[in-house]
file structure_23.cif (mmCIF, C-alpha atoms and all ligand atoms)
data_upload
#
loop_
_atom_site.label_atom_id
_atom_site.label_comp_id
_atom_site.auth_asym_id
_atom_site.auth_seq_id
_atom_site.Cartn_x
_atom_site.Cartn_y
_atom_site.Cartn_z
CA MET A 1 0.00 0.00 0.00
CA SER A 2 1.42 3.36 -0.94
CA ILE A 3 -0.06 6.84 -0.83
CA ARG A 4 0.75 9.63 -3.23
CA ILE A 5 -0.01 13.26 -2.56
CA ASP A 6 0.29 15.71 -5.44
CA ASP A 7 0.33 19.48 -5.03
CA LEU A 8 -2.16 19.34 -2.15
CA THR A 9 -3.55 22.54 -0.64
CA VAL A 10 -6.11 23.12 2.11
CA THR A 11 -7.30 26.67 2.72
CA PHE A 12 -10.01 27.17 5.32
CA LYS A 13 -12.87 29.67 5.02
CA ASN A 14 -11.04 32.02 7.41
CA GLY A 15 -8.22 32.28 4.86
CA VAL A 16 -5.71 30.08 6.76
CA THR A 17 -3.76 27.82 4.41
CA ALA A 18 -2.99 24.84 6.64
CA VAL A 19 -1.49 22.68 3.88
CA ASP A 20 0.32 24.54 1.15
CA HIS A 21 1.05 22.82 -2.19
CA VAL A 22 2.66 19.69 -0.77
CA ASP A 23 3.88 16.57 -2.56
CA LEU A 24 4.57 13.36 -0.69
CA GLU A 25 4.96 9.64 -1.29
CA ILE A 26 4.19 7.50 1.76
CA PRO A 27 5.62 4.03 1.25
CA HIS A 28 4.99 0.73 2.98
CA GLY A 29 6.03 0.60 6.69
CA ILE A 30 5.94 3.33 9.33
CA PHE A 31 6.26 6.88 8.07
CA GLY A 32 6.78 9.63 10.66
CA LEU A 33 5.19 13.07 10.58
CA LEU A 34 6.85 15.62 12.79
CA GLY A 35 6.08 19.30 13.15
CA GLU A 36 5.39 22.15 15.53
CA ASN A 37 1.89 23.02 16.79
CA GLY A 38 -0.20 24.39 13.95
CA ALA A 39 2.14 23.01 11.24
CA GLY A 40 -0.77 21.40 9.37
CA LYS A 41 -0.32 17.74 10.35
CA THR A 42 -3.89 17.15 11.55
CA THR A 43 -5.32 18.90 8.51
CA LEU A 44 -3.24 16.69 6.22
CA MET A 45 -4.34 13.59 8.14
CA ARG A 46 -7.98 14.65 7.93
CA VAL A 47 -7.64 14.84 4.15
CA LEU A 48 -6.02 11.41 4.08
CA THR A 49 -8.92 9.94 6.09
CA THR A 50 -11.41 11.54 3.63
CA VAL A 51 -12.96 13.61 6.45
CA LEU A 52 -11.86 16.83 4.77
CA ALA A 53 -11.83 17.57 1.04
CA PRO A 54 -8.75 19.49 -0.11
CA THR A 55 -9.01 22.88 -1.78
CA SER A 56 -6.81 21.65 -4.63
CA GLY A 57 -4.41 18.88 -5.53
CA LYS A 58 -4.92 15.13 -5.43
CA VAL A 59 -4.34 12.05 -3.33
CA LEU A 60 -4.04 8.48 -4.57
CA LEU A 61 -4.28 5.40 -2.37
CA ASP A 62 -2.66 2.55 -4.26
CA GLY A 63 -3.72 4.24 -7.47
CA THR A 64 -7.32 4.96 -6.34
CA LEU A 65 -8.08 8.66 -6.58
CA TYR A 66 -9.61 10.43 -3.58
CA CYS A 67 -13.02 11.62 -4.82
CA GLU A 68 -16.64 11.30 -3.64
CA ALA A 69 -17.22 8.24 -5.80
CA ASN A 70 -14.27 6.38 -4.24
CA TYR A 71 -14.57 7.54 -0.61
CA GLU A 72 -16.46 4.46 0.63
CA LYS A 73 -13.94 2.10 -0.92
CA ILE A 74 -11.03 4.14 0.46
CA GLN A 75 -12.54 4.42 3.97
CA LYS A 76 -12.65 0.62 4.27
CA LYS A 77 -8.89 0.54 3.85
CA ILE A 78 -8.18 3.24 6.43
CA GLY A 79 -7.92 3.20 10.23
CA TYR A 80 -7.66 6.47 12.14
CA LEU A 81 -6.76 7.39 15.67
CA PRO A 82 -7.50 11.11 15.99
CA GLN A 83 -5.90 13.40 18.56
CA GLU A 84 -9.15 13.67 20.53
CA ILE A 85 -11.34 10.62 20.86
CA ASP A 86 -14.29 10.12 23.16
CA LEU A 87 -15.99 6.80 22.60
CA TYR A 88 -19.41 5.89 24.04
CA PRO A 89 -18.94 6.71 27.77
CA SER A 90 -21.68 4.41 29.07
CA LEU A 91 -20.48 1.28 27.22
CA THR A 92 -17.82 -1.03 28.64
CA VAL A 93 -14.52 -1.30 26.76
CA ARG A 94 -15.56 -4.63 25.24
CA GLU A 95 -19.08 -3.48 24.34
CA CYS A 96 -17.63 -0.40 22.72
CA LEU A 97 -15.15 -2.40 20.63
CA GLU A 98 -17.79 -4.99 19.68
CA TYR A 99 -19.98 -2.16 18.49
CA MET A 100 -17.12 -0.67 16.49
CA GLY A 101 -16.49 -4.12 15.01
CA ASP A 102 -20.17 -4.36 13.97
CA LEU A 103 -20.01 -0.92 12.38
CA ALA A 104 -16.93 -2.00 10.44
CA GLY A 105 -18.82 -5.09 9.21
CA ILE A 106 -16.47 -7.62 10.83
CA GLU A 107 -17.97 -11.08 11.32
CA LYS A 108 -18.80 -11.61 15.06
CA ARG A 109 -16.42 -14.50 15.79
CA GLU A 110 -13.55 -12.82 13.94
CA SER A 111 -14.30 -9.54 15.72
CA LYS A 112 -14.17 -11.26 19.14
CA LYS A 113 -10.85 -12.89 18.24
CA ARG A 114 -9.32 -9.58 17.18
CA ILE A 115 -10.67 -7.74 20.22
CA ASP A 116 -9.09 -10.37 22.52
CA TYR A 117 -5.80 -10.10 20.64
CA TYR A 118 -5.58 -6.29 20.66
CA LEU A 119 -6.83 -5.95 24.26
CA GLU A 120 -3.98 -8.25 25.28
CA LYS A 121 -1.46 -6.35 23.13
CA THR A 122 -2.49 -3.00 24.62
CA SER A 123 -2.64 -4.30 28.23
CA LEU A 124 -6.37 -3.60 28.40
CA ALA A 125 -7.63 -7.16 28.92
CA ASP A 126 -8.03 -6.58 32.67
CA HIS A 127 -10.01 -3.41 32.05
CA GLN A 128 -12.46 -4.67 29.42
CA LYS A 129 -15.45 -4.67 31.80
CA LYS A 130 -14.92 -1.04 32.82
CA LYS A 131 -17.17 1.65 31.40
CA MET A 132 -15.40 3.93 28.97
CA ARG A 133 -16.04 6.91 31.24
CA GLN A 134 -14.15 5.15 34.07
CA LEU A 135 -10.92 4.87 32.07
CA SER A 136 -7.81 6.99 32.52
CA GLY A 137 -6.68 9.18 29.61
CA GLY A 138 -3.95 6.68 28.63
CA MET A 139 -6.43 3.78 28.66
CA LYS A 140 -8.92 5.70 26.49
CA ARG A 141 -6.12 6.37 24.06
CA ARG A 142 -5.33 2.65 23.84
CA VAL A 143 -9.00 1.76 23.27
CA GLY A 144 -8.97 4.39 20.51
CA LEU A 145 -6.00 2.65 18.96
CA VAL A 146 -7.71 -0.75 19.14
CA GLN A 147 -10.78 0.65 17.35
CA ALA A 148 -8.49 1.95 14.60
CA LEU A 149 -6.77 -1.43 14.24
CA LEU A 150 -9.85 -3.63 14.52
CA HIS A 151 -10.69 -3.89 10.82
CA GLU A 152 -6.96 -4.38 10.09
CA PRO A 153 -6.72 -1.45 7.67
CA ASP A 154 -4.09 -1.32 4.94
CA PHE A 155 -3.40 2.31 5.82
CA LEU A 156 -3.37 3.31 9.48
CA ILE A 157 -3.16 6.97 10.48
CA VAL A 158 -2.30 7.67 14.10
CA ASP A 159 -2.19 11.14 15.62
CA GLU A 160 -0.13 11.18 18.84
CA PRO A 161 -0.84 7.52 19.72
CA THR A 162 1.44 7.52 22.77
CA THR A 163 0.12 10.69 24.45
CA GLY A 164 -0.58 10.07 28.12
CA LEU A 165 1.06 6.64 28.18
CA ASP A 166 3.63 5.63 30.77
CA PRO A 167 7.08 4.64 29.43
CA GLU A 168 6.40 0.90 29.48
CA GLU A 169 3.06 1.24 27.64
CA ARG A 170 4.60 3.67 25.19
CA ILE A 171 7.15 1.02 24.22
CA ARG A 172 4.47 -1.69 23.93
CA ILE A 173 2.34 0.51 21.67
CA ARG A 174 5.34 1.42 19.52
CA ASN A 175 6.18 -2.25 19.12
CA LEU A 176 2.59 -3.06 18.28
CA LEU A 177 2.66 -0.43 15.52
CA VAL A 178 5.97 -1.75 14.17
CA ASP A 179 4.51 -5.28 13.97
CA PHE A 180 1.31 -3.95 12.40
CA ALA A 181 3.28 -2.04 9.78
CA GLU A 182 5.17 -5.12 8.63
CA GLU A 183 2.61 -5.70 5.90
CA ARG A 184 0.91 -2.30 5.88
CA THR A 185 1.42 1.46 5.85
CA VAL A 186 1.28 3.53 9.04
CA LEU A 187 1.41 7.33 9.17
CA PHE A 188 2.65 8.17 12.66
CA SER A 189 2.24 11.80 13.68
CA THR A 190 3.82 12.88 16.96
CA HIS A 191 5.79 15.49 18.83
CA VAL A 192 7.67 12.76 20.67
CA VAL A 193 10.89 12.37 18.71
CA GLU A 194 12.02 9.20 20.51
CA ASP A 195 8.86 7.49 19.25
CA LEU A 196 9.88 8.15 15.67
CA MET A 197 13.50 7.25 16.32
CA ALA A 198 12.33 3.89 17.66
CA THR A 199 9.85 3.06 14.92
CA CYS A 200 10.37 4.60 11.51
CA ASN A 201 13.02 4.90 8.83
CA GLN A 202 11.34 7.62 6.84
CA LEU A 203 9.68 10.83 7.90
CA ALA A 204 8.51 14.28 6.90
CA VAL A 205 9.08 17.46 8.90
CA MET A 206 6.29 19.98 8.48
CA LYS A 207 6.17 23.70 9.20
CA LYS A 208 3.57 26.28 8.18
CA GLY A 209 1.82 23.88 5.82
CA ARG A 210 4.95 22.80 3.96
CA PHE A 211 7.51 20.03 4.20
CA LEU A 212 10.91 21.27 5.27
CA TYR A 213 12.27 17.77 4.95
CA THR A 214 11.14 14.42 3.57
CA GLY A 215 13.40 11.39 3.49
CA THR A 216 15.15 8.90 5.70
CA MET A 217 15.94 9.38 9.35
CA ARG A 218 19.62 8.87 8.57
CA GLU A 219 19.69 11.65 5.94
CA LEU A 220 17.93 13.99 8.36
CA LEU A 221 20.56 13.30 11.03
CA ASN A 222 23.27 13.83 8.40
CA LYS A 223 21.89 17.28 7.63
CA ALA A 224 22.64 18.45 11.15
CA ARG A 225 25.98 16.65 11.42
CA GLY A 226 28.78 19.18 11.89
CA HIS A 227 26.33 21.77 13.23
CA VAL A 228 25.91 20.53 16.81
CA TRP A 229 28.22 21.49 19.67
CA GLU A 230 28.28 21.10 23.37
CA CYS A 231 29.63 23.59 25.85
CA CYS A 232 29.85 23.46 29.62
CA THR A 233 30.52 26.70 31.48
CA GLU A 234 30.28 28.12 35.00
CA ASP A 235 30.12 31.61 33.50
CA GLU A 236 26.43 32.58 33.46
CA SER A 237 26.94 35.58 31.19
CA LEU A 238 28.69 33.36 28.61
CA ALA A 239 25.77 30.90 28.81
CA ARG A 240 23.32 33.77 28.22
CA GLU A 241 25.40 35.00 25.30
CA LEU A 242 25.39 31.50 23.73
CA GLU A 243 21.63 31.21 24.20
CA ARG A 244 21.20 34.51 22.39
CA LYS A 245 23.44 33.57 19.48
CA TYR A 246 22.52 29.93 18.85
CA HIS A 247 19.55 27.59 18.83
CA ILE A 248 19.74 25.54 22.00
CA SER A 249 18.52 21.95 21.86
CA SER A 250 19.18 21.27 25.55
CA LYS A 251 20.27 23.02 28.72
CA GLN A 252 21.23 21.35 31.99
CA TYR A 253 22.60 22.58 35.30
CA THR A 254 25.32 20.10 36.28
CA GLU A 255 28.03 19.98 38.96
CA GLU A 256 30.53 21.16 36.33
CA GLY A 257 28.40 24.12 35.28
CA ILE A 258 25.71 24.93 32.69
CA ARG A 259 25.80 22.36 29.88
CA LEU A 260 24.37 23.60 26.57
CA ARG A 261 23.84 21.89 23.22
CA LEU A 262 24.13 24.48 20.46
CA LEU A 263 23.02 24.40 16.86
CA GLY A 264 24.43 26.68 14.21
CA GLU A 265 25.95 26.73 10.76
CA ASN A 266 29.53 27.27 11.94
CA MET A 267 31.76 26.22 14.83
CA PRO A 268 31.12 28.66 17.72
CA SER A 269 34.04 31.05 18.25
CA GLU A 270 33.61 30.85 22.04
CA SER A 271 36.23 28.62 23.70
CA GLY A 272 35.29 25.25 25.17
CA CYS A 273 32.76 24.21 22.50
CA ILE A 274 33.20 20.69 21.21
CA ALA A 275 31.50 18.96 18.26
CA CYS A 276 29.08 16.22 19.23
CA ASP A 277 26.88 13.48 17.81
CA VAL A 278 23.48 14.43 16.40
CA THR A 279 20.19 13.36 17.94
CA LEU A 280 16.85 13.49 16.10
CA GLU A 281 15.84 16.38 18.37
CA ASP A 282 18.95 18.33 17.25
CA ALA A 283 18.24 17.55 13.59
CA TYR A 284 14.61 18.63 13.98
CA ILE A 285 15.60 21.95 15.57
CA TYR A 286 18.26 22.42 12.90
CA VAL A 287 15.98 21.91 9.86
CA THR A 288 13.07 23.86 11.33
CA ASN A 289 15.20 26.90 12.16
CA ARG A 290 17.51 27.23 9.20
N1 LIG B 301 -11.31 24.10 10.82
C1 LIG B 301 -10.40 25.05 10.78
N2 LIG B 301 -10.71 26.30 10.39
C2 LIG B 301 -9.77 27.27 10.33
N3 LIG B 301 -8.47 27.08 10.63
C3 LIG B 301 -8.10 25.84 10.99
C4 LIG B 301 -9.03 24.77 11.10
N4 LIG B 301 -8.34 23.66 11.49
C5 LIG B 301 -7.07 24.03 11.63
N5 LIG B 301 -6.89 25.34 11.34
C6 LIG B 301 -5.64 26.09 11.33
O1 LIG B 301 -4.76 25.43 10.41
C7 LIG B 301 -3.42 25.43 10.89
C8 LIG B 301 -2.93 24.00 11.00
O2 LIG B 301 -3.64 23.33 12.02
P1 LIG B 301 -3.46 21.78 12.32
O3 LIG B 301 -4.44 21.40 13.38
O4 LIG B 301 -3.52 21.03 11.04
O5 LIG B 301 -1.95 21.74 12.90
P2 LIG B 301 -1.17 20.56 13.62
O6 LIG B 301 0.16 20.45 12.97
O7 LIG B 301 -1.99 19.33 13.68
O8 LIG B 301 -0.97 21.15 15.09
P3 LIG B 301 -0.85 20.40 16.51
O9 LIG B 301 0.50 19.77 16.54
O10 LIG B 301 -0.97 21.54 17.49
O11 LIG B 301 -2.00 19.42 16.61
C9 LIG B 301 -3.46 26.18 12.23
O12 LIG B 301 -3.14 27.52 11.97
C10 LIG B 301 -4.91 26.06 12.66
O13 LIG B 301 -5.28 27.14 13.47
#

call {"tool": "encode", "arguments": {"input": "structure_23.cif", "output": "structure tokens"}}
result
Amino acid sequence: MSIRIDDLTVTFKNGVTAVDHVDLEIPHGIFGLLGENGAGKTTLMRVLTTVLAPTSGKVLLDGTLYCEANYEKIQKKIGYLPQEIDLYPSLTVRECLEYMGDLAGIEKRESKKRIDYYLEKTSLADHQKKKMRQLSGGMKRRVGLVQALLHEPDFLIVDEPTTGLDPEERIRIRNLLVDFAEERTVLFSTHVVEDLMATCNQLAVMKKGRFLYTGTMRELLNKARGHVWECCTEDESLARELERKYHISSKQYTEEGIRLRLLGENMPSESGCIACDVTLEDAYIYVTNR
């Protein structure tokens, strides 16, 4: 399953252009979508789920054009976990998922089998008799993910799937998505860079409706290589000066002094700065601020 986006634009009635003439090819596997608040990620995902019609441009899902006549066919192939999801508060987790399975037209026995499997995978089996309204935010999120996976879509779109999850659950969910993507396509939108580092090889970085970068994780890291330095100083005025002159990807107070990671085109002239290895966070800050 591959998705092609050609010259896509979404302009809302208030004049905001949330997606601005973008082209993208989303291949098989997990594809990351990274970008600041308001970059246009949700708008792009809403177009890909057919919820929102673009202003111009086109989208093809394995060669099938997004248009009214094809929406039903396309929707059957798509699973979506939106950023906000509030499923039937008075139903239990299992009732809710069984209902979602019915809506998706999954045969009852098959639906039960899948629900058991995904409840186990998302550590929700012990909570299946709880009413949806009794769940914590992280549990609701996981039920939302199960509903998106239930009909085993060829193209899964997940918006911040690990929000509100503890570290152990976050890892389990990431691994579940990696396994799911073995034979499918997953678009994984997040602000959590470690989640992308741990799951995907390819990603797009979005800002103000455009892609600043599309390609492999390795190439993105390479872009920032040679532009990241670390400096540790006890001199507060030097630290302030560095913060003014460079983009800072991290700042820590340590026993040795203030430790800063700096990003810039050239080697800082201040003494004590040493070149260091690039993290995805550094690379993200570098490409979004050039
Ligand atoms: N229905 C709408 N009508 C008007 N403007 C909108 C609408 N939806 C989104 N926008 C605007 O479009 C831009 C992109 O919003 P979008 O929600 O797609 O960003 P995002 O990358 O998903 O942000 P976040 O990471 O905060 O979820 C923002 O300026 C937003 O205010």

call {"tool": "closest_residue", "arguments": {"input": "structure_23.cif", "among": "A:Met100, A:Ile274, A:Met45, A:Val287", "to": "A:Thr214", "atoms": "all atoms listed in the file"}}
result
A:Val287

call {"tool": "closest_atom_pairs", "arguments": {"input": "structure_23.cif", "of": "chain A", "to": "ligand LIG 301 (chain B)", "cutoff": "12 Å", "atoms": "only C-alpha atoms and all ligand atoms", "output": "CSV"}}
result
residue,atom,partner,partner_atom,distance
A:Thr9,CA,B:LIG301,O1,11.5
A:Val10,CA,B:LIG301,O1,8.7
A:Thr11,CA,B:LIG301,N3,8.0
A:Phe12,CA,B:LIG301,C2,5.0
A:Lys13,CA,B:LIG301,C2,6.6
A:Asn14,CA,B:LIG301,C2,5.7
A:Gly15,CA,B:LIG301,C2,7.6
A:Val16,CA,B:LIG301,N3,5.6
A:Thr17,CA,B:LIG301,O1,6.5
A:Ala18,CA,B:LIG301,O1,4.2
A:Val19,CA,B:LIG301,C8,7.4
A:Asp20,CA,B:LIG301,C8,10.4
A:Leu33,CA,B:LIG301,O6,9.2
A:Leu34,CA,B:LIG301,O6,8.3
A:Gly35,CA,B:LIG301,O6,6.0
A:Glu36,CA,B:LIG301,O9,5.5
A:Asn37,CA,B:LIG301,O10,3.3
A:Gly38,CA,B:LIG301,O5,3.3
A:Ala39,CA,B:LIG301,O6,3.7
A:Gly40,CA,B:LIG301,O4,3.2
A:Lys41,CA,B:LIG301,O6,3.8
A:Thr42,CA,B:LIG301,O7,3.6
A:Thr43,CA,B:LIG301,O4,3.8
A:Leu44,CA,B:LIG301,O4,6.5
A:Met45,CA,B:LIG301,O4,8.0
A:Arg46,CA,B:LIG301,O4,8.4
A:Val47,CA,B:LIG301,O4,10.1
A:Val51,CA,B:LIG301,N1,11.5
A:Leu52,CA,B:LIG301,N1,9.5
A:Ala53,CA,B:LIG301,N1,11.8
A:Pro82,CA,B:LIG301,O11,10.0
A:Gln83,CA,B:LIG301,O11,7.4
A:Glu84,CA,B:LIG301,O11,10.0
A:Val158,CA,B:LIG301,O7,11.7
A:Asp159,CA,B:LIG301,O11,8.3
A:Glu160,CA,B:LIG301,O11,8.7
A:Thr163,CA,B:LIG301,O11,11.9
A:Ser189,CA,B:LIG301,O7,8.6
A:Thr190,CA,B:LIG301,O9,7.7
A:His191,CA,B:LIG301,O9,7.2
A:Val192,CA,B:LIG301,O9,10.8
A:Val205,CA,B:LIG301,O6,10.3
A:Met206,CA,B:LIG301,O6,7.6
A:Lys207,CA,B:LIG301,O6,7.8
A:Lys208,CA,B:LIG301,C8,7.4
A:Gly209,CA,B:LIG301,C8,7.0
A:Arg210,CA,B:LIG301,O6,10.5
A:Phe211,CA,B:LIG301,O6,11.5

call {"tool": "residues_around", "arguments": {"input": "structure_23.cif", "residues": "stretch 21-32 of chain A", "least_positions_apart": "4", "cutoff": "10 Å", "atoms": "only C-alpha atoms", "output": "JSON, numbers by chain"}}
result
{"A": [1, 2, 3, 4, 5, 6, 7, 8, 9, 10, 17, 44, 56, 57, 58, 59, 60, 61, 154, 155, 156, 157, 158, 177, 178, 179, 180, 181, 182, 183, 184, 185, 186, 187, 188, 189, 190, 193, 195, 196, 197, 199, 200, 201, 202, 203, 204, 205, 206, 209, 210, 211, 214, 215, 216, 217]}

call {"tool": "closest_residue", "arguments": {"input": "structure_23.cif", "among": "A:Leu262, A:Leu65, A:Cys232, A:Leu87", "to": "A:Ile285", "atoms": "all atoms listed in the file"}}
result
A:Leu262

call {"tool": "residues_around", "arguments": {"input": "structure_23.cif", "residues": "stretch 257-261 of chain A", "least_positions_apart": "5", "cutoff": "10 Å", "atoms": "only C-alpha atoms", "output": "JSON, numbers by chain"}}
result
{"A": [228, 229, 230, 231, 232, 233, 234, 235, 236, 238, 239, 242, 243, 246, 247, 248, 249, 250, 251, 252, 273, 274, 275, 276, 282]}

call {"tool": "atom_distance", "arguments": {"input": "structure_23.cif", "atom1": "atom CA of A:Gly138", "atom2": "atom CA of A:Leu165"}}
result
5.0 Å

call {"tool": "atom_distance", "arguments": {"input": "structure_23.cif", "atom1": "atom CA of A:Gln128", "atom2": "atom CA of A:Ile78"}}
result
24.7 Å

call {"tool": "atom_distance", "arguments": {"input": "structure_23.cif", "atom1": "atom CA of A:Tyr118", "atom2": "atom CA of A:Leu97"}}
result
10.3 Å

call {"tool": "closest_residue", "arguments": {"input": "structure_23.cif", "among": "A:Thr55, A:Gln147, A:Ser136, A:Thr50", "to": "A:Lys73", "atoms": "only C-alpha atoms"}}
result
A:Thr50

call {"tool": "axis_aligned_box", "arguments": {"input": "structure_23.cif", "around": "stretch 230-240 of chain A", "padding_each_side": "3 Å", "output": "lines of an AutoDock Vina configuration file"}}
result
center_x = 26.9
center_y = 28.3
center_z = 29.2
size_x = 13.2
size_y = 20.5
size_z = 17.6

call {"tool": "residues_around", "arguments": {"input": "structure_23.cif", "residues": "A:Tyr99", "least_positions_apart": "4", "cutoff": "12 Å", "atoms": "all atoms listed in the file", "output": "VMD selection string"}}
result
chain A and resid 87 to 88 91 to 95 103 to 108 111 to 112 115 147 150

call {"tool": "closest_residue", "arguments": {"input": "structure_23.cif", "among": "A:His127, A:Arg114, A:Lys121, A:Arg240", "to": "A:Arg170", "atoms": "all atoms listed in the file"}}
result
A:Lys121

call {"tool": "closest_residue", "arguments": {"input": "structure_23.cif", "among": "A:Arg141, A:Lys130, A:Arg172, A:Arg290", "to": "A:His227", "atoms": "only C-alpha atoms"}}
result
A:Arg290

call {"tool": "closest_residue", "arguments": {"input": "structure_23.cif", "among": "A:Ala69, A:Leu220, A:Met267, A:Leu176", "to": "A:Ala283", "atoms": "only C-alpha atoms"}}
result
A:Leu220
